[in-house]
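Next comes run-v4.cif, with mmCIF, C-alpha atoms and all ligand atoms.
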```
data_data
#
loop_
_atom_site.label_atom_id
_atom_site.label_comp_id
_atom_site.auth_asym_id
_atom_site.auth_seq_id
_atom_site.Cartn_x
_atom_site.Cartn_y
_atom_site.Cartn_z
CA MET A 47 87.64 79.76 102.85
CA ASP A 48 88.66 77.85 99.72
CA VAL A 49 89.67 74.20 99.88
CA LEU A 50 91.94 73.40 96.94
CA HIS A 51 93.12 69.98 95.86
CA ALA A 52 94.74 70.34 92.45
CA ILE A 53 98.21 71.86 92.11
CA SER A 54 96.98 73.98 89.18
CA GLU A 55 94.06 75.31 91.28
CA MET A 56 96.43 76.27 94.09
CA ARG A 57 98.77 78.08 91.68
CA GLY A 58 95.85 79.99 90.13
CA TRP A 59 94.53 80.95 93.57
CA SER A 60 97.93 82.30 94.64
CA ARG A 61 98.30 84.29 91.43
CA THR A 62 94.96 86.01 92.03
CA ALA A 63 95.55 86.50 95.77
CA GLY A 64 98.93 88.09 95.10
CA THR A 65 97.64 90.81 92.75
CA GLY A 66 98.08 94.40 93.87
CA ASN A 67 101.19 93.43 95.83
CA ARG A 68 99.18 91.60 98.49
CA SER A 69 101.36 89.27 100.52
CA LEU A 70 100.80 85.59 101.08
CA ALA A 71 101.83 83.45 104.06
CA LEU A 72 102.01 79.66 104.01
CA VAL A 73 101.65 77.46 107.09
CA PRO A 74 102.72 73.95 106.02
CA THR A 75 101.11 71.20 108.14
CA MET A 76 100.38 67.50 108.08
CA GLY A 77 96.90 68.15 109.51
CA CYS A 78 95.58 66.88 112.84
CA LEU A 79 95.68 70.52 113.83
CA HIS A 80 96.11 71.62 117.43
CA ALA A 81 96.61 74.90 119.26
CA GLY A 82 100.26 74.94 118.18
CA HIS A 83 99.28 75.04 114.51
CA LEU A 84 96.66 77.71 115.22
CA ALA A 85 99.36 79.86 116.84
CA LEU A 86 101.35 79.56 113.59
CA VAL A 87 98.24 80.65 111.68
CA ARG A 88 97.86 83.69 113.97
CA MET A 89 101.49 84.64 113.35
CA ALA A 90 100.91 84.23 109.61
CA ARG A 91 97.79 86.41 109.72
CA GLN A 92 99.67 89.14 111.56
CA SER A 93 102.42 89.07 108.93
CA ALA A 94 100.63 88.80 105.57
CA ASP A 95 97.42 89.75 103.75
CA HIS A 96 96.44 86.16 102.93
CA VAL A 97 97.07 82.87 104.71
CA VAL A 98 97.24 79.44 103.09
CA VAL A 99 97.48 76.28 105.20
CA SER A 100 98.73 73.16 103.43
CA ASN A 101 97.44 69.89 104.83
CA PHE A 102 99.41 66.95 103.48
CA VAL A 103 100.70 63.88 105.29
CA ASN A 104 103.93 63.63 103.34
CA PRO A 105 104.82 59.96 102.71
CA LEU A 106 108.38 60.89 101.75
CA GLN A 107 109.33 61.94 105.28
CA PHE A 108 108.25 58.69 106.99
CA GLY A 109 110.59 55.71 107.30
CA PRO A 110 109.33 52.22 106.40
CA SER A 111 108.70 51.32 110.05
CA GLU A 112 107.22 54.69 111.01
CA ASP A 113 103.63 55.80 111.54
CA TYR A 114 102.60 57.03 108.05
CA ALA A 115 99.59 54.71 107.82
CA ARG A 116 98.31 55.43 111.33
CA TYR A 117 99.20 59.13 111.39
CA PRO A 118 96.01 60.83 112.69
CA ARG A 119 93.88 62.43 109.95
CA ASP A 120 90.64 64.41 110.30
CA LEU A 121 90.18 66.71 107.34
CA ASP A 122 86.71 67.99 108.27
CA ARG A 123 87.86 69.06 111.72
CA ASP A 124 91.06 70.61 110.31
CA ASN A 125 89.06 72.62 107.75
CA ARG A 126 86.65 73.82 110.43
CA LEU A 127 89.53 74.97 112.65
CA CYS A 128 91.17 76.74 109.70
CA ARG A 129 87.92 78.49 108.79
CA GLU A 130 87.45 79.64 112.40
CA ALA A 131 91.07 80.86 112.47
CA GLY A 132 90.52 83.07 109.44
CA VAL A 133 92.58 81.04 106.95
CA ASP A 134 91.89 82.07 103.34
CA ALA A 135 92.69 78.80 101.60
CA VAL A 136 93.58 75.24 102.53
CA PHE A 137 95.68 73.22 100.09
CA VAL A 138 95.06 69.48 100.36
CA PRO A 139 97.00 67.82 97.55
CA ASP A 140 96.82 64.20 96.62
CA ALA A 141 99.96 62.09 97.21
CA GLY A 142 99.76 60.85 93.61
CA ASP A 143 99.82 64.43 92.31
CA MET A 144 102.68 65.46 94.59
CA TYR A 145 104.75 62.39 93.73
CA PRO A 146 103.64 61.09 90.33
CA ALA A 147 105.10 57.79 89.15
CA GLY A 148 108.51 58.41 87.66
CA ALA A 149 109.38 61.43 89.83
CA SER A 150 113.10 61.16 90.49
CA VAL A 151 114.24 64.49 91.95
CA VAL A 152 114.62 65.07 95.67
CA VAL A 153 116.06 67.94 97.72
CA GLU A 154 118.70 67.03 100.26
CA GLU A 155 120.32 69.25 102.84
CA THR A 156 123.68 67.74 103.71
CA ARG A 157 124.91 69.34 106.94
CA VAL A 158 122.40 70.45 109.55
CA SER A 159 120.20 67.45 108.74
CA SER A 160 122.83 64.85 109.54
CA GLY A 161 122.74 64.66 113.37
CA LEU A 162 119.94 64.49 115.97
CA CYS A 163 116.69 63.32 114.31
CA GLY A 164 118.47 62.97 110.96
CA ARG A 165 120.64 60.22 112.42
CA MET A 166 117.67 58.43 113.98
CA ARG A 167 115.37 58.87 110.97
CA PRO A 168 117.40 58.40 107.77
CA GLY A 169 115.77 60.13 104.81
CA HIS A 170 113.35 62.10 106.98
CA PHE A 171 114.76 65.55 106.21
CA ARG A 172 115.14 64.70 102.53
CA GLY A 173 111.38 64.14 102.56
CA VAL A 174 110.77 67.37 104.46
CA ALA A 175 113.05 69.50 102.23
CA THR A 176 111.54 68.00 99.08
CA VAL A 177 107.93 68.60 100.07
CA VAL A 178 108.61 72.09 101.41
CA ALA A 179 110.44 73.03 98.19
CA LYS A 180 107.45 71.73 96.21
CA LEU A 181 104.98 73.61 98.41
CA PHE A 182 106.99 76.83 98.02
CA ASN A 183 106.98 76.37 94.22
CA ILE A 184 103.26 75.64 94.11
CA VAL A 185 101.93 78.17 96.63
CA GLN A 186 104.53 80.90 95.93
CA PRO A 187 104.30 82.41 99.44
CA ASP A 188 106.14 85.54 100.52
CA LEU A 189 106.66 84.01 103.94
CA ALA A 190 106.17 80.71 105.69
CA VAL A 191 105.73 79.93 109.38
CA PHE A 192 107.22 76.93 111.21
CA GLY A 193 107.24 75.94 114.87
CA ARG A 194 110.48 75.73 116.83
CA LYS A 195 109.50 72.42 118.39
CA ASP A 196 110.87 70.94 115.16
CA ALA A 197 114.05 72.96 115.56
CA GLN A 198 116.17 70.84 113.22
CA GLN A 199 113.45 71.08 110.57
CA VAL A 200 113.60 74.88 110.96
CA ARG A 201 117.35 74.89 110.36
CA VAL A 202 116.98 72.58 107.33
CA ILE A 203 114.35 74.89 105.84
CA GLN A 204 116.38 78.01 106.57
CA ARG A 205 119.28 76.39 104.68
CA LEU A 206 116.95 75.31 101.86
CA VAL A 207 115.72 78.88 101.39
CA GLN A 208 119.18 80.38 101.62
CA ASP A 209 121.02 77.86 99.45
CA LEU A 210 118.38 77.48 96.72
CA ASP A 211 117.41 81.20 96.69
CA PHE A 212 113.74 80.81 97.49
CA PRO A 213 112.27 84.31 97.93
CA VAL A 214 110.44 83.18 101.07
CA ARG A 215 110.90 84.70 104.53
CA ILE A 216 110.88 82.06 107.27
CA LEU A 217 109.18 82.97 110.55
CA VAL A 218 109.75 80.74 113.57
CA HIS A 219 107.13 80.50 116.29
CA PRO A 220 108.15 79.55 119.85
CA ILE A 221 107.06 76.15 121.15
CA VAL A 222 103.41 76.01 122.21
CA ARG A 223 102.83 73.86 125.29
CA GLU A 224 99.94 72.17 127.05
CA PRO A 225 99.13 73.82 130.41
CA ASP A 226 101.28 71.18 132.17
CA GLY A 227 104.27 71.88 129.92
CA LEU A 228 104.19 69.04 127.36
CA ALA A 229 105.05 70.44 123.93
CA MET A 230 102.02 70.24 121.64
CA SER A 231 102.32 67.59 118.96
CA SER A 232 99.91 65.68 116.76
CA ARG A 233 101.57 62.53 118.09
CA ASN A 234 100.57 63.25 121.72
CA VAL A 235 97.25 61.51 120.98
CA TYR A 236 99.13 58.20 120.79
CA LEU A 237 100.22 58.39 124.46
CA SER A 238 98.50 56.20 127.03
CA PRO A 239 97.48 58.04 130.25
CA SER A 240 100.55 56.64 132.02
CA GLU A 241 102.90 57.62 129.18
CA ARG A 242 101.26 61.05 128.99
CA SER A 243 102.01 61.78 132.64
CA ARG A 244 105.52 60.28 132.49
CA ALA A 245 106.25 62.43 129.41
CA LEU A 246 106.25 65.50 131.66
CA CYS A 247 109.81 64.52 132.54
CA ILE A 248 110.86 66.06 129.21
CA ARG A 249 109.81 69.57 130.16
CA ARG A 250 111.16 69.10 133.70
CA ALA A 251 114.53 67.96 132.34
CA LEU A 252 114.80 70.95 130.03
CA GLU A 253 113.81 73.31 132.84
CA ALA A 254 116.41 71.78 135.18
CA ALA A 255 119.04 72.48 132.54
CA ARG A 256 117.74 76.02 132.07
CA VAL A 257 118.07 76.70 135.80
CA LEU A 258 121.71 75.56 135.70
CA PHE A 259 122.33 77.63 132.58
CA GLU A 260 120.76 80.72 134.15
CA SER A 261 123.00 80.28 137.17
CA GLY A 262 126.03 80.49 134.85
CA GLU A 263 126.76 76.88 133.86
CA ARG A 264 128.04 76.81 130.27
CA ALA A 265 129.43 73.26 129.93
CA ALA A 266 127.39 70.85 127.80
CA GLY A 267 129.16 68.09 129.75
CA VAL A 268 127.33 69.24 132.90
CA LEU A 269 123.95 70.12 131.40
CA GLU A 270 123.48 66.90 129.41
CA PRO A 271 123.85 64.49 132.37
CA CYS A 272 121.49 66.71 134.37
CA VAL A 273 118.89 66.34 131.59
CA GLY A 274 119.49 62.59 131.51
CA GLU A 275 118.89 62.25 135.26
CA VAL A 276 115.57 64.11 135.19
CA LEU A 277 114.43 62.25 132.06
CA ALA A 278 115.13 58.94 133.79
CA VAL A 279 112.50 59.78 136.42
CA GLY A 280 109.82 59.48 133.71
CA ARG A 281 111.18 56.08 132.59
CA PRO A 282 111.04 56.71 128.83
CA ASP A 283 111.53 53.48 126.86
CA VAL A 284 114.34 55.03 124.82
CA VAL A 285 116.30 58.26 125.11
CA GLU A 286 117.49 58.83 121.55
CA TYR A 287 119.39 61.96 122.40
CA ALA A 288 119.65 64.77 124.94
CA THR A 289 122.28 67.01 123.44
CA VAL A 290 123.51 70.58 123.34
CA VAL A 291 124.26 71.68 119.78
CA ASP A 292 125.25 74.95 118.18
CA TRP A 293 122.10 76.63 116.79
CA ASP A 294 123.78 77.53 113.52
CA THR A 295 125.54 74.27 112.62
CA LEU A 296 123.65 71.82 114.88
CA GLU A 297 127.02 70.31 115.74
CA PRO A 298 127.69 69.29 119.35
CA ALA A 299 128.73 72.22 121.50
CA GLY A 300 131.28 71.81 124.28
CA GLN A 301 130.94 75.21 125.93
CA ILE A 302 127.89 77.39 125.27
CA MET A 303 129.44 80.62 124.07
CA ARG A 304 126.94 81.25 121.22
CA PRO A 305 123.23 80.52 120.85
CA CYS A 306 122.78 76.78 121.29
CA LEU A 307 119.91 74.33 121.30
CA LEU A 308 119.36 71.74 124.00
CA ALA A 309 117.39 69.12 122.11
CA VAL A 310 115.76 65.96 123.40
CA ALA A 311 114.15 62.99 121.65
CA VAL A 312 112.61 60.15 123.64
CA ARG A 313 110.26 57.29 123.01
CA PHE A 314 107.36 56.23 125.18
CA GLY A 315 106.19 52.92 123.75
CA ARG A 316 105.82 53.50 120.01
CA THR A 317 105.51 57.27 120.40
CA ARG A 318 108.48 59.45 119.64
CA LEU A 319 108.50 62.88 121.30
CA ILE A 320 110.91 65.75 120.70
CA ASP A 321 111.37 69.00 122.58
CA ASN A 322 114.06 71.64 123.02
CA ILE A 323 115.07 74.94 124.57
CA LEU A 324 117.34 77.65 123.27
CA LEU A 325 120.37 78.44 125.41
CA ASP A 326 121.60 81.90 124.51
CA PRO A 327 124.38 83.40 126.65
CA LEU A 328 123.00 86.88 125.80
CA ASN A 329 119.50 85.87 126.96
CA PRO A 330 120.01 83.15 129.60
CA ALA A 331 116.36 83.15 130.74
CA GLY A 332 115.39 82.27 127.17
CA ILE A 333 112.48 84.66 126.99
CA GLU A 334 111.24 84.67 123.42
CA PRO A 335 109.03 87.31 121.87
CA VAL A 336 105.89 85.61 120.52
O1 LIG B 401 106.21 69.92 110.48
C1 LIG B 401 105.44 69.29 109.72
O2 LIG B 401 104.25 69.13 110.00
C2 LIG B 401 105.98 68.72 108.42
O3 LIG B 401 107.27 68.25 108.57
C3 LIG B 401 105.90 69.70 107.23
C4 LIG B 401 106.77 70.93 107.46
C5 LIG B 401 104.46 70.15 107.04
C6 LIG B 401 106.38 69.03 105.96
O4 LIG B 401 105.62 67.91 105.66
#
```

Conversion result in C-alpha cells:
Amino acid sequence: MDVLHAISEMRGWSRTAGTGNRSLALVPTMGCLHAGHLALVRMARQSADHVVVSNFVNPLQFGPSEDYARYPRDLDRDNRLCREAGVDAVFVPDAGDMYPAGASVVVEETRVSSGLCGRMRPGHFRGVATVVAKLFNIVQPDLAVFGRKDAQQVRVIQRLVQDLDFPVRILVHPIVREPDGLAMSSRNVYLSPSERSRALCIRRALEAARVLFESGERAAGVLEPCVGEVLAVGRPDVVEYATVVDWDTLEPAGQIMRPCLLAVAVRFGRTRLIDNILLDPLNPAGIEPV
C-alpha cells in the first residue's frame, strides 16, 4: 500500500493506476477509522479495480467553536487498518497544501445544505463541498463511497457531482451500527460511559418511528413527537432536530408520500451525534441492500 502526501504524487499515482481502463474508487475520510469506514472500503473494493482512501481532517468544515483541534487522529493505526483492508493507496495531504495562503475559491451548495446540520453548523457544508471537489480533482476517481449516516452530506455531494459535472459515480453505504444500535462515528470516543448508554435513545427513537411508519402512519406531525418522547428518555443535553424531510430536497415533509429521511441530531455534553432512517412508502420496513 502506498502512502502519499503530495498532491502531485497522488495525481501521478492515479494516472498510472488508471491505465488500461482500470477503475479507481475513492473513500474520503477524516481518519480515526472504524468498522463503518472499513465497510465503505469493502464496497469500494467490490466496485473498482483500485481503492484510494483519503485521510484529511478538513479544517474548512469545522466551526470556530467545534472540535477541529481535538478531533481524534491516529495515522499509524489508520494506515494499518487500510493495509489490512486491501486499500491500494492512502492520500494524507497537508492542510497547507490543500489550502495554501491566498486560496480564495470555495464550493457552496445552496439548497439541500441549508437546513438540518447546515442550519446548526454554518459553513460546514461549504467546507465539505470544497474539500470533496478538491479530492475529486486530485484523485480523479471513477466512483466515491460515502456513508448514509451523514445523509445531508450525501445529498450535498450528489448535487455537487450533478451540478458541476464531475464524472464520479457516488455510492452510498447504509449506516453501520455498533451491536447495541448506536451508529458508528469517530466522535463516539468522546462519550462518557453514562452518555454512551443514554445515547441508545437515538436508535430507539428512530425504531419507534419506524414501527409507526410500518403500521401505516404517514404524518410527520405524528412521527416527530414520537421520536421526541423516546429521545427524552435518554436525557440528551440538546435536541437540535428530529425532523422528517423529503429525501430529494431535504425540505420538511408534512405527509410521507415519497422517500423521506427522518433525521436526528442531539448533543450529549460536548458530543454531537447524528443518525437517521429512510422512510420510503414503497419499502416501509426500510430494508436496504448492502
Ligand atoms: O464524512 C467525512 O468524514 C468528511 O466530511 C469528508 C467527506 C471526508 C470530507 O472531509

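Across A:Gly161, A:Gly82, A:Pro74, A:Pro239, the tightest approach to A:Ala190 is made by A:Pro74 when counting all atoms listed in the file.
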
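The contact shell of ligand LIG 401 (chain B), defined as all polymer residues within 8 Å when all atoms listed in the file are used, comprises Val73, Pro74, Thr75, Met76, Gly77, Ser100, Asn101, Phe102, Val103, Asn104, Gln107, Gly173, Val174, Ala175, Val177, Val178, Phe192, Gly193, Asp196 and Gln199 of chain A.
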
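With distances restricted to all atoms listed in the file, A:Cys247 is the closest residue to A:Val276 from A:Val257, A:Leu296, A:Cys247, A:Pro327.
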
- [ ] Point out the residue among A:Arg57, A:Arg215, A:His51, A:Arg318 with the least atom-to-atom distance to A:Ala71, counting all atoms listed in the file.
- [x] A:Arg215

Task: Nearest to A:Val151 by atom-to-atom distance, counting all atoms listed in the file, from A:Leu106, A:Leu127, A:Val136, A:Cys78 - done: A:Leu106

- [ ] One decimal, Å: what's the distance from atom CA of A:Ala245 over to atom CA of A:Leu86, could you say?
- [x] 23.8 Å

- [ ] Could you jot down the atom CA of A:Gln186 to atom CA of A:Arg167 separation for me, Å, one decimal place?
- [x] 28.8 Å

Task: 10 Å contact set for A:Cys128, only C-alpha atoms, chain neighbours under 6 positions out, as a PyMOL selection string - done: chain A and resi 47+79+83-84+87+97-99+122+134-136

- [ ] Point out the residue among A:Asn125, A:Ser232, A:Asn322, A:Thr317 with the least atom-to-atom distance to A:Ala288, counting all atoms listed in the file.
- [x] A:Asn322

Open item on the list: What's the separation between atom CA of A:Val214 and atom CA of A:Met166, in Å to one decimal place?
Closed with: 28.8 Å

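Distances here use all atoms listed in the file; by that measure, the residue among A:Pro168, A:Ser231, A:Asp113, A:Ala179 closest to A:Asp211 is A:Ala179.
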
- [ ] Can you pull out every residue within 10 Å of A:Ser243, counting all atoms listed in the file, but drop anything in the same chain fewer than 5 positions away, and send it as a PyMOL selection string?
- [x] chain A and resi 226+228+237-238+280

Around the point (123.6, 75.2, 131.4) (coordinates from the file), which residues reach within 10 Å if we count only C-alpha atoms? Answer as a JSON list (two decimals) with C-alpha atoms, in the frame of the given file.
```
[["chain", "number", "residue", "atom", "x", "y", "z"],
["A", 252, "LEU", "CA", 114.80, 70.95, 130.03],
["A", 254, "ALA", "CA", 116.41, 71.78, 135.18],
["A", 255, "ALA", "CA", 119.04, 72.48, 132.54],
["A", 256, "ARG", "CA", 117.74, 76.02, 132.07],
["A", 257, "VAL", "CA", 118.07, 76.70, 135.80],
["A", 258, "LEU", "CA", 121.71, 75.56, 135.70],
["A", 259, "PHE", "CA", 122.33, 77.63, 132.58],
["A", 260, "GLU", "CA", 120.76, 80.72, 134.15],
["A", 261, "SER", "CA", 123.00, 80.28, 137.17],
["A", 262, "GLY", "CA", 126.03, 80.49, 134.85],
["A", 263, "GLU", "CA", 126.76, 76.88, 133.86],
["A", 264, "ARG", "CA", 128.04, 76.81, 130.27],
["A", 265, "ALA", "CA", 129.43, 73.26, 129.93],
["A", 266, "ALA", "CA", 127.39, 70.85, 127.80],
["A", 267, "GLY", "CA", 129.16, 68.09, 129.75],
["A", 268, "VAL", "CA", 127.33, 69.24, 132.90],
["A", 269, "LEU", "CA", 123.95, 70.12, 131.40],
["A", 270, "GLU", "CA", 123.48, 66.90, 129.41],
["A", 272, "CYS", "CA", 121.49, 66.71, 134.37],
["A", 290, "VAL", "CA", 123.51, 70.58, 123.34],
["A", 301, "GLN", "CA", 130.94, 75.21, 125.93],
["A", 302, "ILE", "CA", 127.89, 77.39, 125.27],
["A", 308, "LEU", "CA", 119.36, 71.74, 124.00],
["A", 325, "LEU", "CA", 120.37, 78.44, 125.41],
["A", 326, "ASP", "CA", 121.60, 81.90, 124.51],
["A", 327, "PRO", "CA", 124.38, 83.40, 126.65],
["A", 330, "PRO", "CA", 120.01, 83.15, 129.60]]
```
